[in-house]
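> Contents of coords_20.txt (compact mmCIF, C-alpha atoms) are below:
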```txt
# COMPACT_ATOMS: atom_id res chain seq x y z
CA MET I 1 0.00 0.00 0.00
CA LYS I 2 1.21 3.49 -0.88
CA THR I 3 -0.13 6.90 0.12
CA ILE I 4 0.16 10.03 -2.03
CA PRO I 5 -0.97 13.25 -0.32
CA VAL I 6 -2.93 16.04 -1.97
CA ARG I 7 -1.83 19.05 0.10
CA LEU I 8 -4.58 21.67 0.36
CA GLY I 9 -4.45 22.79 3.98
CA GLN I 10 -7.69 21.86 5.74
CA ARG I 11 -8.95 20.23 2.53
CA SER I 12 -5.96 17.90 2.22
CA TYR I 13 -6.62 14.22 1.61
CA PRO I 14 -4.73 11.02 0.76
CA ILE I 15 -4.72 8.97 -2.42
CA ILE I 16 -4.40 5.34 -1.36
CA LEU I 17 -2.84 2.83 -3.77
CA ALA I 18 -3.94 -0.60 -2.56
CA SER I 19 -4.65 -4.08 -3.91
CA SER I 20 -7.90 -4.81 -2.03
CA TYR I 21 -10.69 -3.02 -0.12
CA ARG I 22 -9.85 -4.59 3.22
CA GLN I 23 -8.23 -1.45 4.60
CA LEU I 24 -10.89 0.98 3.37
CA PRO I 25 -12.77 1.00 6.74
CA GLN I 26 -9.51 1.77 8.52
CA TRP I 27 -9.02 4.88 6.40
CA LEU I 28 -12.61 6.03 6.83
CA ARG I 29 -12.21 5.62 10.59
CA ARG I 30 -8.91 7.50 10.58
CA LEU I 31 -10.58 10.40 8.76
CA ASP I 32 -13.58 10.28 11.15
CA LEU I 33 -16.07 9.99 8.30
CA PRO I 34 -19.80 9.36 8.87
CA ARG I 35 -20.92 5.73 9.12
CA GLN I 36 -24.12 6.07 7.13
CA GLY I 37 -24.99 7.34 3.68
CA TRP I 38 -25.07 6.17 0.06
CA ILE I 39 -22.84 4.56 -2.53
CA VAL I 40 -23.42 5.62 -6.16
CA SER I 41 -22.48 3.09 -8.81
CA HIS I 42 -23.73 1.02 -11.76
CA ARG I 43 -25.88 -2.09 -11.31
CA SER I 44 -23.31 -4.29 -13.04
CA LEU I 45 -20.49 -3.04 -10.81
CA LEU I 46 -22.52 -3.51 -7.65
CA ALA I 47 -23.49 -7.01 -8.76
CA ARG I 48 -19.90 -7.97 -9.47
CA TYR I 49 -17.94 -6.11 -6.80
CA GLY I 50 -20.51 -4.83 -4.31
CA ARG I 51 -19.69 -7.55 -1.81
CA ASP I 52 -15.95 -6.83 -2.08
CA VAL I 53 -16.30 -3.16 -1.24
CA LEU I 54 -19.40 -3.19 0.99
CA GLY I 55 -18.52 -6.35 2.93
CA PRO I 56 -15.58 -4.86 4.85
CA LEU I 57 -17.53 -1.64 5.41
CA THR I 58 -20.62 -3.41 6.76
CA ARG I 59 -18.55 -5.56 9.10
CA ALA I 60 -16.82 -2.41 10.36
CA GLY I 61 -20.12 -0.66 11.11
CA TRP I 62 -20.86 1.38 7.98
CA SER I 63 -24.36 1.42 6.51
CA LEU I 64 -24.40 2.55 2.87
CA GLN I 65 -27.43 2.31 0.61
CA PRO I 66 -26.75 1.76 -3.10
CA ILE I 67 -27.91 4.21 -5.77
CA ALA I 68 -27.55 2.83 -9.30
CA ILE I 69 -27.23 5.06 -12.36
CA PRO I 70 -27.00 4.11 -16.07
CA GLU I 71 -23.60 3.22 -17.56
CA SER I 72 -23.39 6.14 -19.97
CA GLU I 73 -21.93 9.63 -20.30
CA SER I 74 -25.59 10.73 -20.34
CA SER I 75 -25.63 10.03 -16.59
CA LYS I 76 -23.55 13.19 -16.18
CA SER I 77 -26.70 15.29 -16.40
CA LEU I 78 -28.89 17.50 -14.26
CA ARG I 79 -31.65 14.91 -14.66
CA ILE I 80 -29.60 12.13 -13.05
CA ALA I 81 -28.17 14.47 -10.41
CA GLU I 82 -31.70 15.56 -9.48
CA ARG I 83 -32.82 11.94 -9.25
CA ILE I 84 -29.97 11.15 -6.84
CA LEU I 85 -30.66 14.26 -4.78
CA ALA I 86 -34.35 13.39 -4.53
CA MET I 87 -33.56 9.89 -3.26
CA MET I 88 -31.22 11.35 -0.67
CA ALA I 89 -33.69 14.07 0.36
CA ARG I 90 -36.37 11.46 1.10
CA GLN I 91 -34.13 10.33 3.95
CA ALA I 92 -33.35 13.84 5.16
CA MET I 93 -33.44 12.76 8.80
CA MET I 94 -30.08 11.11 8.30
CA ARG I 95 -27.40 13.08 10.13
CA ALA I 96 -23.93 13.78 8.78
CA PRO I 97 -24.26 11.48 5.74
CA LEU I 98 -21.40 10.17 3.62
CA LEU I 99 -21.48 9.77 -0.15
CA MET I 100 -19.28 7.31 -2.02
CA ALA I 101 -18.54 7.14 -5.74
CA PHE I 102 -17.84 3.57 -6.85
CA GLY I 103 -17.19 3.55 -10.58
CA GLY I 104 -15.45 5.39 -13.38
CA GLY I 105 -15.24 9.04 -14.30
CA VAL I 106 -18.96 9.51 -14.90
CA VAL I 107 -19.89 8.11 -11.48
CA GLY I 108 -17.17 10.14 -9.80
CA ASP I 109 -18.12 13.40 -11.49
CA VAL I 110 -21.86 13.22 -10.85
CA THR I 111 -21.41 11.92 -7.28
CA GLY I 112 -18.99 14.72 -6.45
CA PHE I 113 -21.40 17.25 -7.94
CA VAL I 114 -24.25 15.91 -5.79
CA ALA I 115 -22.03 15.95 -2.70
CA ALA I 116 -21.11 19.57 -3.39
CA VAL I 117 -24.71 20.79 -3.55
CA PHE I 118 -26.62 18.54 -1.12
CA ARG I 119 -27.06 20.42 2.14
CA ARG I 120 -24.43 22.88 0.84
CA GLY I 121 -21.83 20.14 0.90
CA ILE I 122 -21.40 16.71 2.48
CA PRO I 123 -18.24 14.56 2.65
CA TYR I 124 -17.64 12.14 -0.19
CA VAL I 125 -15.10 9.46 -1.06
CA GLN I 126 -13.84 8.45 -4.49
CA ILE I 127 -13.39 4.71 -5.12
CA PRO I 128 -12.55 4.67 -8.84
CA THR I 129 -12.82 1.38 -10.72
CA THR I 130 -11.33 2.41 -14.08
CA LEU I 131 -7.78 3.24 -15.05
CA LEU I 132 -8.84 6.72 -16.17
CA GLY I 133 -10.63 7.30 -12.86
CA GLN I 134 -7.71 6.14 -10.76
CA VAL I 135 -5.08 8.27 -12.48
CA ASP I 136 -7.10 11.39 -13.26
CA SER I 137 -10.79 12.10 -12.79
CA ALA I 138 -11.12 10.98 -9.15
CA ILE I 139 -8.34 13.35 -8.06
CA GLY I 140 -8.57 17.11 -7.76
CA GLY I 141 -12.17 17.91 -6.88
CA LYS I 142 -13.43 18.91 -10.32
CA VAL I 143 -17.05 17.79 -10.14
CA ALA I 144 -19.59 18.53 -12.86
CA VAL I 145 -22.44 17.53 -15.12
CA ASP I 146 -22.75 18.17 -18.85
CA LEU I 147 -25.08 20.31 -20.92
CA PRO I 148 -25.95 19.62 -24.57
CA GLN I 149 -23.77 22.63 -25.49
CA GLY I 150 -20.65 21.32 -23.81
CA LYS I 151 -18.91 19.09 -21.30
CA ASN I 152 -18.67 19.91 -17.57
CA LEU I 153 -20.41 23.27 -17.93
CA ILE I 154 -22.19 23.01 -14.55
CA GLY I 155 -19.88 22.14 -11.70
CA ALA I 156 -17.67 23.11 -8.82
CA PHE I 157 -14.33 22.52 -7.17
CA TYR I 158 -15.22 20.22 -4.29
CA GLN I 159 -12.51 17.96 -2.92
CA PRO I 160 -13.11 14.38 -1.78
CA ARG I 161 -12.04 13.32 1.68
CA LEU I 162 -10.27 10.24 0.32
CA VAL I 163 -9.37 8.60 -3.00
CA TYR I 164 -8.99 4.83 -2.63
CA ASN I 165 -7.50 2.97 -5.62
CA ASN I 166 -7.66 -0.82 -5.74
CA SER I 167 -5.32 -1.81 -8.57
CA ARG I 168 -6.57 -5.42 -8.69
CA ILE I 169 -10.00 -4.37 -9.92
CA LEU I 170 -8.47 -3.00 -13.13
CA SER I 171 -7.64 -6.47 -14.46
CA THR I 172 -11.25 -6.99 -15.56
CA LEU I 173 -11.48 -3.79 -17.61
CA PRO I 174 -12.37 -4.26 -21.29
CA MET I 175 -9.68 -3.22 -23.75
CA ARG I 176 -11.48 -0.06 -24.82
CA GLN I 177 -11.50 1.21 -21.23
CA ARG I 178 -7.83 0.30 -20.80
CA ARG I 179 -6.91 2.33 -23.87
CA SER I 180 -9.04 5.24 -22.67
CA GLY I 181 -7.15 5.34 -19.37
CA LEU I 182 -3.81 5.06 -21.13
CA ALA I 183 -4.65 8.23 -23.06
CA GLU I 184 -4.59 10.19 -19.80
CA ILE I 185 -1.35 8.49 -18.75
CA ILE I 186 0.24 9.45 -22.08
CA LYS I 187 -0.93 12.99 -21.34
CA TYR I 188 0.93 12.96 -18.02
CA GLY I 189 4.09 11.81 -19.76
CA VAL I 190 3.88 14.59 -22.33
CA ILE I 191 3.17 17.38 -19.86
CA ALA I 192 5.45 16.43 -16.97
CA ASP I 193 7.23 13.06 -17.06
CA PRO I 194 9.53 12.02 -19.91
CA ILE I 195 10.53 8.90 -17.93
CA LEU I 196 6.90 7.75 -17.80
CA PHE I 197 6.50 8.51 -21.50
CA ALA I 198 9.59 6.45 -22.39
CA MET I 199 8.36 3.57 -20.22
CA LEU I 200 5.06 3.58 -22.10
CA GLU I 201 6.93 3.48 -25.42
CA ARG I 202 8.99 0.49 -24.27
CA SER I 203 6.19 -1.42 -22.59
CA VAL I 204 3.00 -0.94 -24.62
CA SER I 205 2.06 -4.63 -24.40
CA ALA I 206 2.56 -4.79 -20.63
CA CYS I 207 0.59 -1.59 -20.15
CA LEU I 208 -2.31 -2.81 -22.29
CA ALA I 209 -2.27 -6.14 -20.45
CA LEU I 210 -2.34 -4.20 -17.17
CA GLU I 211 0.49 -6.27 -15.80
CA PHE I 212 0.79 -5.58 -12.09
CA ARG I 213 4.20 -3.86 -12.13
CA ALA I 214 3.23 -1.71 -15.11
CA VAL I 215 -0.01 -0.70 -13.38
CA GLN I 216 1.82 0.16 -10.17
CA LEU I 217 4.26 2.42 -12.01
CA MET I 218 1.68 4.08 -14.28
CA VAL I 219 -0.82 4.76 -11.51
CA ALA I 220 1.73 5.91 -8.93
CA ARG I 221 3.53 8.35 -11.25
CA SER I 222 0.30 9.70 -12.72
CA CYS I 223 -1.31 10.19 -9.30
CA ALA I 224 1.82 11.91 -8.00
CA ILE I 225 1.76 14.37 -10.92
CA LYS I 226 -1.95 15.10 -10.48
CA ALA I 227 -1.55 15.52 -6.71
CA ARG I 228 1.38 17.90 -7.16
CA VAL I 229 -0.43 20.02 -9.73
CA VAL I 230 -3.67 20.20 -7.73
CA SER I 231 -1.75 21.11 -4.57
CA ALA I 232 -0.10 24.00 -6.42
CA ASP I 233 -3.15 25.27 -8.34
CA GLU I 234 -6.38 23.87 -6.90
CA ARG I 235 -8.82 26.05 -8.83
CA GLU I 236 -6.89 26.44 -12.08
CA THR I 237 -6.17 30.11 -11.46
CA GLY I 238 -2.76 29.75 -13.11
CA ASP I 239 -1.23 27.64 -15.84
CA ALA I 240 -0.15 24.72 -13.63
CA ARG I 241 -3.51 22.95 -13.52
CA ALA I 242 -4.50 24.18 -16.97
CA ALA I 243 -1.60 22.09 -18.31
CA LEU I 244 -3.63 19.00 -17.39
CA ASN I 245 -5.95 19.96 -20.26
CA PHE I 246 -3.46 18.87 -22.93
CA GLY I 247 -5.63 17.34 -25.67
CA HIS I 248 -8.84 18.39 -23.94
CA THR I 249 -9.53 21.58 -25.92
CA LEU I 250 -10.37 19.68 -29.08
CA GLY I 251 -11.23 16.46 -27.24
CA HIS I 252 -14.09 17.98 -25.26
CA ALA I 253 -15.41 19.66 -28.41
CA LEU I 254 -15.42 16.32 -30.23
CA GLU I 255 -17.36 14.73 -27.37
CA ALA I 256 -19.94 17.53 -27.30
CA ALA I 257 -20.33 17.64 -31.09
CA THR I 258 -21.29 13.95 -31.08
CA ALA I 259 -23.61 14.17 -28.03
CA PHE I 260 -21.06 12.27 -25.89
CA ARG I 261 -21.91 8.99 -27.69
CA ARG I 262 -19.20 8.49 -30.30
CA TRP I 263 -15.93 8.27 -28.39
CA THR I 264 -14.80 7.47 -24.90
CA HIS I 265 -13.19 10.40 -23.12
CA GLY I 266 -9.72 8.96 -23.68
CA GLU I 267 -10.33 8.41 -27.40
CA ALA I 268 -11.43 12.01 -27.90
CA ILE I 269 -8.45 13.26 -25.87
CA ALA I 270 -6.07 11.14 -27.97
CA ILE I 271 -7.26 12.89 -31.14
CA GLY I 272 -6.95 16.21 -29.32
CA MET I 273 -3.37 15.47 -28.29
CA CYS I 274 -2.37 14.66 -31.88
CA ALA I 275 -3.92 17.90 -33.14
CA ALA I 276 -2.37 20.01 -30.37
CA SER I 277 1.04 18.48 -31.04
CA GLU I 278 0.87 19.30 -34.74
CA LEU I 279 -0.38 22.78 -33.90
CA SER I 280 2.67 23.22 -31.69
CA VAL I 281 4.97 22.07 -34.50
CA ALA I 282 3.30 24.50 -36.90
CA ALA I 283 3.77 27.29 -34.35
CA GLY I 284 7.48 26.50 -34.07
CA ARG I 285 7.24 25.37 -30.44
CA LEU I 286 7.75 21.59 -30.80
CA ALA I 287 10.24 19.52 -32.77
CA PRO I 288 8.56 17.37 -35.44
CA ALA I 289 10.34 14.30 -34.01
CA ASP I 290 8.60 14.76 -30.65
CA SER I 291 5.22 15.20 -32.31
CA LEU I 292 5.85 11.95 -34.20
CA ARG I 293 6.70 10.16 -30.92
CA ILE I 294 3.40 11.31 -29.41
CA ARG I 295 1.37 10.18 -32.41
CA ARG I 296 3.17 6.83 -32.69
CA LEU I 297 2.60 6.03 -29.01
CA ILE I 298 -1.09 6.89 -29.33
CA GLU I 299 -1.31 4.62 -32.39
CA ALA I 300 0.61 1.83 -30.64
CA VAL I 301 -1.88 1.86 -27.77
CA GLY I 302 -4.70 1.49 -30.30
CA LEU I 303 -6.25 4.92 -29.82
CA PRO I 304 -7.59 7.02 -32.71
CA THR I 305 -5.53 9.87 -34.12
CA HIS I 306 -8.20 11.38 -36.40
CA ALA I 307 -11.94 12.03 -36.14
CA THR I 308 -14.20 10.82 -38.93
CA GLY I 309 -17.91 11.22 -39.52
CA VAL I 310 -18.29 14.44 -37.56
CA SER I 311 -19.09 17.96 -38.72
CA ARG I 312 -16.22 20.42 -38.50
CA GLU I 313 -18.71 23.21 -37.91
CA ALA I 314 -20.29 21.31 -35.02
CA VAL I 315 -16.88 20.74 -33.46
CA TRP I 316 -15.89 24.40 -33.74
CA ARG I 317 -19.26 25.47 -32.36
CA ALA I 318 -18.83 23.14 -29.39
CA LEU I 319 -15.32 24.46 -28.83
CA ARG I 320 -16.71 27.98 -28.44
CA TYR I 321 -19.02 26.78 -25.66
CA ASP I 322 -16.19 25.05 -23.81
CA LYS I 323 -15.15 26.58 -20.51
CA LYS I 324 -11.58 26.80 -21.84
CA PHE I 325 -12.72 29.41 -24.38
CA ILE I 326 -11.06 32.53 -22.90
CA ARG I 327 -11.43 36.12 -24.10
CA GLY I 328 -12.93 34.98 -27.39
CA ARG I 329 -10.21 32.41 -28.06
CA PRO I 330 -9.73 28.74 -27.15
CA ARG I 331 -7.02 28.01 -24.61
CA TRP I 332 -4.53 25.54 -26.05
CA VAL I 333 -2.03 23.40 -24.18
CA LEU I 334 0.92 22.97 -26.54
CA PRO I 335 3.89 20.67 -25.88
CA THR I 336 7.32 22.21 -26.29
CA ARG I 337 9.12 18.90 -25.69
CA ILE I 338 8.25 15.56 -24.08
CA GLY I 339 7.78 16.52 -20.45
CA ARG I 340 6.91 20.20 -20.86
CA VAL I 341 3.99 22.24 -22.21
CA VAL I 342 2.84 25.84 -22.45
CA VAL I 343 -0.70 27.14 -21.99
CA THR I 344 -1.72 29.86 -24.42
CA GLU I 345 -4.63 31.62 -26.08
CA ASP I 346 -2.22 33.24 -28.51
CA VAL I 347 -3.10 31.01 -31.46
CA PRO I 348 -4.92 32.79 -34.32
CA GLU I 349 -8.28 31.17 -35.02
CA GLY I 350 -7.65 30.75 -38.72
CA PHE I 351 -4.30 29.12 -38.07
CA ALA I 352 -5.81 26.76 -35.48
CA LYS I 353 -8.66 25.83 -37.82
CA GLN I 354 -6.24 24.90 -40.61
CA VAL I 355 -4.40 22.44 -38.38
CA VAL I 356 -7.41 21.12 -36.44
CA HIS I 357 -9.47 20.51 -39.58
CA ARG I 358 -6.81 18.07 -40.79
CA TYR I 359 -7.84 15.87 -37.88
CA ILE I 360 -11.58 16.04 -38.63
CA SER I 361 -13.16 14.50 -41.72
```
Write out the structure in this file as structure tokens.

Amino acid sequence: MKTIPVRLGQRSYPIILASSYRQLPQWLRRLDLPRQGWIVSHRSLLARYGRDVLGPLTRAGWSLQPIAIPESESSKSLRIAERILAMMARQAMMRAPLLMAFGGGVVGDVTGFVAAVFRRGIPYVQIPTTLLGQVDSAIGGKVAVDLPQGKNLIGAFYQPRLVYNNSRILSTLPMRQRRSGLAEIIKYGVIADPILFAMLERSVSACLALEFRAVQLMVARSCAIKARVVSADERETGDARAALNFGHTLGHALEAATAFRRWTHGEAIAIGMCAASELSVAAGRLAPADSLRIRRLIEAVGLPTHATGVSREAVWRALRYDKKFIRGRPRWVLPTRIGRVVVTEDVPEGFAKQVVHRYIS
């Protein structure tokens, strides 16, 4: 077991890297968290792993009622959030409740959003079950739901009290979800960790197979980067946390332009990373050889590098609604070498369109 701290003063919390849920009650007890509340998840997850996670909690004195939501990006909506809130409000006599998110990024985002607004904020715990959730979305307190116009347009910064990663649960992930998580890990390598990036290049097969040592290294290094960035720039007031959006400017627009049904988050981000890398080459900020390394790694993992069957106009329209659209311009995260990026709005729209449109057909 390893602990990575997110240092935010009174809002600090640990990220636990474990291989079972046996020690989860110990951490809840150490943090003096309420012993009653709800656990938000999917029916299939609860059927398969509910006993593993709830068994130790029940034996230790916790009483958590399950709330199941559909397995779809559409669950990140005001409609689903309202449904969860209504179920919780019907038991309003419950004192000091606890909310748990047991699932991937969608479950984590909507659960955190509900925790932020119910009774003006209740404690919640992230128990991510996907690679993407464990390395990225469960950490940092960005909680939100989507609107048809764009992704994460209604949300807040609301930190969890604990992030508990069980690496063993990842072995059952389907290949598409593994690749989606690897997109975010590639992102971390590009923005901050050339050693991680080189390891991914050398060990694509082991990473896709989620071999235990590869998982340990990928998750630990990615979580450490995310924790460090969030500790330095919790609310994205500077460029430190904005750097985590490498690939997300175009990626989020692709998701919104296809009603969040065409690509997984990681697939859309992979296309966005390829476009941002070429944009950086065209702007004279990145060596072509480094851009080629990024694209080849994305291809080797089996992620898409281009978007087909989507309207360019719809993508650009969605990009304008994105929360990264600053002062009339999109905010781009451009790599300058493997391990370093710059955040800028200083990219002329016509120039950006020329490059981006090469990735949309």
> Quick one: residues within 7 Å of Leu132 (chain I), only C-alpha atoms counted, chain neighbours fewer than 4 positions away excluded, as JSON, numbers by chain?
{"I": [136, 137, 180, 181, 184]}
> List the spatial neighbours of region 66-78 of chain I as a list in words - criterion: any atom at most 6 Å away, only C-alpha atoms, same-chain residues fewer than 5 positions off excluded.
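Returned residues: Trp38, Ile39, Val40, Ser41, His42, Arg43, Val110, Val145 and Asp146 of chain I.
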> Counting all atoms listed in the file, which of I:Val135, I:Arg293, I:Glu82, I:Arg261 gets nearest to Ile225 (chain I)?
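Smallest distance to Ile225 (chain I) is found for I:Val135.
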> Mind giving me the straight-line distance from CA of Gly189 (chain I) to CA of Ile338 (chain I) in Å, one decimal?
7.1 Å
> Between I:Val125, I:Ala60, I:Leu250, I:Ala276, which one has atoms that come closest to Gly108 (chain I), using all atoms listed in the file?
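Closest to Gly108 (chain I) of all the choices is I:Val125.
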